[in-house]
Amino acid sequence: MGLTVGAAVPAVGFASGARAASRTSAASSAASTDSSLVFDPSSYTELTTSITDTTGTAHEVVHHFYKVASYVVNPVDATYQSLNVSVPVKIDGSIVDASGAPILFANQVGGYMPSSVANATGIGAGGGMGPGGPGGPAERRSAHADSAASRQQLALAAGYVVVEPGARGRSLVDSSGTYYGTAPAAIVDLKAAVRYVKFNKGRIPGNVDRIVSAGVSAGGALSSLLGASGDSPVYDSYLRELGAADASDAIFATGAWCPITDLEHADMAYEWNWGANLLSSGSAVDQTISKALSSAYGDYLASLRLTAKGFGTLTARNLDEYLVRTHLEPSATQYLAALSAADRATYLAANSFITWSGGRAAFSWADFLTHVGARKKNTPAFDAFDLSAPENNEFGTGTTANRHFTLYSLRHEEGASARLDSDIPAKLHLMNPMYHLVDRVNEHRSKHWWIRLGTKDSDTALTVAGNLAARLKNLGDDVDTSYYWDAGHGADNDPGDFVKWIATVSGYRS
Ligand code: DHB
């Protein structure tokens, strides 16, 4: 299957690329800077893959697969700071010209862990649930042996260019015991990868002004952060240190599935949402802690000043009703409407909390919570008192693996006068899309958003995606939000629709 072509000298000297290259050499050190970030259009492996689309039709896709050893001049660890590019050239026997196609920028991050594409010999393969399958981050790219295509493969079969970047993650530690993949490493890397793609305008196939990011869970968080923070100067020093290409890191559109984001407010949101639900062991979480966090959520929510049609300002008192009417009932309605009459009757008989009338589902927030059942996480869910949560590690630094990043958890452990480490507030901003949408409204953000979440996903509060969507709508962006009824963490129930959405928002006709 693999035919390697071209060790030929790359065609450099496109006007825009050359200008950008000279700026890069000014911003960093070595003269080799320019050529090491120049994409070589002639160095690829030609592969042929059969990709079955979401209607069940198989397509023979001939494509060029490029490996970029590093997207920065000074990689800390090129195993992670590298990327792959896949470009369709023939689909079902017809020649494809992808030079103007949208670019799917699909990160592979799960659990804020490191993600590498360095050893991949082809485009990310599938699995019924995409990269965010039920097994959790560690199992993501191995456990799914079924035949469904990955998001990347579906995009390729639709004629799009696919970029798969790796990124550093929280567990990376060097021989001196120093953590080098904790916040903000992953977002800095993804931005550097976007800059690499944009720097190579005219050399890299595809339309670099139509980059559409995608990611699931922690990858969904990073995707939404990438979308919200385009060209924000707060990352400049980090990007300069890596020798990132001198180009924009703003992206056109953003897809985010179950984003685990807004981390410094997620403990409060979690208790507001799931506070009354039991753990899977059957025990309740500490109700004193849960109630303290839950009541603090109201102040945070008020500070966002979110508004929604029919609700006015969203508060801790109407947010439940907002979620039910705006996201959850439409989700159940869509699910039930798609069932046969017999299956719908069976479902409704087993779930009598739902009223089905006039083709619509209706229910209360309290009944919905009972229906979801066990909460996944103890309290606090993200800034664990014993520093055992993945997010404690994400905010590690130097030789300290895990740190507190909320005053609440810190003071619970260390007393009322304890203060967060002085670097923490800025790092929280670097990691939170809401900072770029609320505190500083970033005009260079994506203006097109695809946000998805399963209604049974208690990895974080349902409000996290809801608030993100509400804020973006308030800013006037084009936001397509849908909650998948009864679906758990990592679900992607409408991958074909996402591929179509990319064409719609980017105005692309192949
Ligand atoms: C992921 C899941 C979590 O529950 C979390 O806290 C962080 C990341 C994930 O699946 O990526």
# chains A, B, ... in the order shown; residues from 1 in each chain; ligands from 1
>>> closest_atom_pairs(of="chain A", to="ligand 1", cutoff="7 Å", atoms="only C-alpha atoms and all ligand atoms", output="CSV")
residue,atom,partner,partner_atom_place_in_ligand_line,distance
A:Val109,CA,ligand 1,11 (O),6.8
A:Gly110,CA,ligand 1,11 (O),3.7
A:Gly111,CA,ligand 1,11 (O),3.3
A:Tyr112,CA,ligand 1,8 (C),5.8
A:Gly132,CA,ligand 1,10 (O),6.8
A:Gly136,CA,ligand 1,10 (O),5.4
A:Pro137,CA,ligand 1,10 (O),5.4
A:Val216,CA,ligand 1,11 (O),6.7
A:Ser217,CA,ligand 1,11 (O),4.2
A:Ala218,CA,ligand 1,11 (O),3.8
A:Gly219,CA,ligand 1,11 (O),6.2
A:Ile260,CA,ligand 1,7 (C),5.7
A:Phe382,CA,ligand 1,6 (O),6.4
A:Pro390,CA,ligand 1,6 (O),6.0
A:Glu391,CA,ligand 1,6 (O),6.5
A:Asp459,CA,ligand 1,4 (O),4.3
A:Thr460,CA,ligand 1,4 (O),6.6
>>> select_by_dssp(residues="stretch 323-421 of chain A", states="alpha helix (DSSP H)", output="number ranges by chain")
A: 329-337, 341-350, 365-372, 390-394, 407-414
>>> select_by_dssp(residues="stretch 261-433 of chain A", states="strand (DSSP E)", output="ChimeraX atom specification")
/A:307-308,312-313,355-357,360-362
>>> residues_around(residues="A:Asn273", least_positions_apart="2", cutoff="9 Å", atoms="only C-alpha atoms", output="list in words")
Met268, Ala269, Tyr270, Glu271, Gly275, Ala276, Asn277, Ser294, Asp320, Leu369, Thr460, Ala461, Leu462 and Thr463 of chain A
>>> residues_around(residues="A:Ala78", least_positions_apart="6", cutoff="10 Å", atoms="only C-alpha atoms", output="CSV table (one decimal) with all heavy atoms, in the first residue's frame")
chain,number,residue,atom,x,y,z
A,68,VAL,N,5.5,15.4,9.6
A,68,VAL,CA,6.3,16.6,9.9
A,68,VAL,C,7.0,16.4,11.2
A,68,VAL,O,6.3,16.2,12.2
A,68,VAL,CB,5.4,17.9,9.9
A,68,VAL,CG1,6.2,19.1,10.4
A,68,VAL,CG2,4.8,18.2,8.6
A,69,ALA,N,8.3,16.3,11.2
A,69,ALA,CA,9.1,15.9,12.3
A,69,ALA,C,8.9,16.8,13.5
A,69,ALA,O,8.8,16.3,14.7
A,69,ALA,CB,10.6,15.8,12.0
A,70,SER,N,8.8,18.1,13.3
A,70,SER,CA,8.4,19.0,14.4
A,70,SER,C,7.8,20.2,13.8
A,70,SER,O,8.3,20.7,12.8
A,70,SER,CB,9.5,19.3,15.3
A,70,SER,OG,9.0,20.1,16.4
A,71,TYR,N,6.8,20.7,14.5
A,71,TYR,CA,6.2,22.0,14.0
A,71,TYR,C,6.8,23.2,14.7
A,71,TYR,O,6.3,24.3,14.6
A,71,TYR,CB,4.6,21.9,14.2
A,71,TYR,CG,4.1,21.4,15.5
A,71,TYR,CD1,4.3,22.2,16.7
A,71,TYR,CD2,3.5,20.2,15.6
A,71,TYR,CE1,3.8,21.7,17.9
A,71,TYR,CE2,3.0,19.7,16.8
A,71,TYR,CZ,3.1,20.5,18.0
A,71,TYR,OH,2.6,20.0,19.2
A,72,VAL,N,7.8,23.0,15.5
A,72,VAL,CA,8.5,24.1,16.1
A,72,VAL,C,10.1,24.0,15.8
A,72,VAL,O,10.5,22.9,15.6
A,72,VAL,CB,8.3,24.3,17.6
A,72,VAL,CG1,6.9,24.7,17.8
A,72,VAL,CG2,8.6,23.0,18.3
A,116,SER,N,0.8,11.6,21.0
A,116,SER,CA,1.8,11.6,20.0
A,116,SER,C,1.3,10.9,18.7
A,116,SER,O,0.5,10.0,18.8
A,116,SER,CB,3.0,10.7,20.5
A,116,SER,OG,4.0,10.6,19.4
A,118,ALA,N,3.8,10.6,16.3
A,118,ALA,CA,5.1,10.4,15.7
A,118,ALA,C,5.2,9.0,15.0
A,118,ALA,O,5.9,8.9,14.0
A,118,ALA,CB,6.2,10.6,16.7
A,166,GLY,N,0.3,16.2,17.4
A,166,GLY,CA,0.6,15.7,18.8
A,166,GLY,C,0.7,16.9,19.7
A,166,GLY,O,0.8,18.0,19.3
A,167,ALA,N,0.8,16.6,21.0
A,167,ALA,CA,1.0,17.7,22.0
A,167,ALA,C,1.5,17.1,23.3
A,167,ALA,O,1.2,16.0,23.6
A,167,ALA,CB,-0.3,18.5,22.2
A,168,ARG,N,2.3,17.9,24.0
A,168,ARG,CA,2.7,17.5,25.3
A,168,ARG,C,1.6,17.4,26.3
A,168,ARG,O,0.6,18.1,26.1
A,168,ARG,CB,3.8,18.5,25.9
A,168,ARG,CG,5.1,18.5,25.1
A,168,ARG,CD,6.0,19.6,25.6
A,168,ARG,NE,5.4,20.9,25.1
A,168,ARG,CZ,5.8,22.1,25.6
A,168,ARG,NH1,6.7,22.2,26.5
A,168,ARG,NH2,5.2,23.2,25.1
>>> closest_atom_pairs(of="stretch 341-444 of chain A", to="stretch 234-254 of chain A", cutoff="12 Å", atoms="only C-alpha atoms", output="JSON lines")
{"residue": "A:Ala426", "atom": "CA", "partner": "A:Val234", "partner_atom": "CA", "distance": 9.0}
{"residue": "A:Lys427", "atom": "CA", "partner": "A:Val234", "partner_atom": "CA", "distance": 10.0}
{"residue": "A:Leu428", "atom": "CA", "partner": "A:Val234", "partner_atom": "CA", "distance": 11.7}
{"residue": "A:His429", "atom": "CA", "partner": "A:Val234", "partner_atom": "CA", "distance": 8.9}
{"residue": "A:Leu430", "atom": "CA", "partner": "A:Val234", "partner_atom": "CA", "distance": 7.2}
{"residue": "A:Met431", "atom": "CA", "partner": "A:Tyr235", "partner_atom": "CA", "distance": 10.4}
{"residue": "A:Pro433", "atom": "CA", "partner": "A:Thr254", "partner_atom": "CA", "distance": 11.8}
{"residue": "A:Tyr435", "atom": "CA", "partner": "A:Val234", "partner_atom": "CA", "distance": 11.3}
{"residue": "A:His436", "atom": "CA", "partner": "A:Val234", "partner_atom": "CA", "distance": 10.3}
{"residue": "A:Arg440", "atom": "CA", "partner": "A:Val234", "partner_atom": "CA", "distance": 11.1}
{"residue": "A:Asn442", "atom": "CA", "partner": "A:Ala250", "partner_atom": "CA", "distance": 10.4}
{"residue": "A:Glu443", "atom": "CA", "partner": "A:Ala250", "partner_atom": "CA", "distance": 10.0}
{"residue": "A:His444", "atom": "CA", "partner": "A:Ala250", "partner_atom": "CA", "distance": 6.2}
>>> closest_residue(among="A:Ala284, A:Val188, A:Val163, A:Val324", to="A:Val212", atoms="only C-alpha atoms")
A:Val163
>>> closest_residue(among="A:Val162, A:Cys258, A:Ala337, A:Ala381", to="A:Leu468", atoms="only C-alpha atoms")
A:Cys258
>>> residues_around(residues="A:Gly488", least_positions_apart="3", cutoff="9 Å", atoms="only C-alpha atoms", output="mmCIF file with C-alpha atoms, in the first residue's frame")
data_model
loop_
_atom_site.group_PDB
_atom_site.id
_atom_site.type_symbol
_atom_site.label_atom_id
_atom_site.label_comp_id
_atom_site.auth_asym_id
_atom_site.auth_seq_id
_atom_site.Cartn_x
_atom_site.Cartn_y
_atom_site.Cartn_z
ATOM 1 C CA PRO A 134 -15.893 4.717 26.627
ATOM 2 C CA LEU A 453 -22.356 16.507 25.049
ATOM 3 C CA GLY A 454 -24.040 13.323 26.267
ATOM 4 C CA THR A 455 -26.825 13.874 28.800
ATOM 5 C CA LYS A 456 -25.442 11.076 31.014
ATOM 6 C CA ASP A 457 -21.903 12.454 30.999
ATOM 7 C CA SER A 458 -21.000 13.283 34.601
ATOM 8 C CA ASP A 459 -17.283 13.714 33.947
ATOM 9 C CA TYR A 484 -27.059 13.457 22.945
ATOM 10 C CA TRP A 485 -29.823 11.815 24.948
ATOM 11 C CA ALA A 491 -20.065 10.170 22.621
#
>>> closest_atom_pairs(of="stretch 178-263 of chain A", to="stretch 471-474 of chain A", cutoff="12 Å", atoms="only C-alpha atoms", output="Markdown table")
| residue | atom | partner | partner_atom | distance |
| --- | --- | --- | --- | --- |
| A:Ser224 | CA | A:Leu472 | CA | 10.9 |
| A:Gly227 | CA | A:Leu472 | CA | 11.0 |
| A:Ala228 | CA | A:Leu472 | CA | 9.4 |
| A:Thr254 | CA | A:Leu472 | CA | 11.6 |
>>> write_last_selection(atoms="N, CA and C atoms", output="short mmCIF file (atom, residue, chain, number, x, y, z; two decimals), in the first residue's frame")
data_model
loop_
_atom_site.label_atom_id
_atom_site.label_comp_id
_atom_site.auth_asym_id
_atom_site.auth_seq_id
_atom_site.Cartn_x
_atom_site.Cartn_y
_atom_site.Cartn_z
N SER A 224 -11.83 24.00 22.23
CA SER A 224 -12.57 25.23 22.47
C SER A 224 -11.64 26.37 22.90
N GLY A 227 -10.09 27.68 19.81
CA GLY A 227 -11.05 28.52 19.10
C GLY A 227 -11.25 29.87 19.76
N ALA A 228 -11.26 29.89 21.10
CA ALA A 228 -11.55 31.13 21.82
C ALA A 228 -10.34 32.07 21.85
N THR A 254 -14.69 25.70 15.29
CA THR A 254 -14.32 24.86 16.43
C THR A 254 -15.35 23.79 16.70
#
>>> atom_distance(atom1="atom CA of A:Tyr44", atom2="atom CA of A:Phe65")
5.3 Å
>>> residues_around(residues="A:Ala389", least_positions_apart="2", cutoff="12 Å", atoms="only C-alpha atoms", output="list in words")
Gly111, Tyr112, Arg170, Leu263, Asp267, Lys377, Asn378, Thr379, Pro380, Ala381, Phe382, Asp383, Ala384, Phe385, Asp386, Leu387, Glu391, Asn392, Asn393, Glu394, Phe395, Gly396, Ala401, Asn402, Arg403, His404, Phe405, Ser409 and Asp459 of chain A
>>> residues_around(residues="A:Ile211", least_positions_apart="2", cutoff="8 Å", atoms="only C-alpha atoms", output="PyMOL selection string")
chain A and resi 102-105+207-209+213+251-253
>>> closest_residue(among="A:Ala362, A:Ile51, A:Ala341, A:Leu410", to="A:Glu321", atoms="only C-alpha atoms")
A:Ala362
>>> closest_residue(among="A:Arg411, A:Ser422, A:Ala148, A:Gly255", to="A:Trp501", atoms="only C-alpha atoms")
A:Gly255
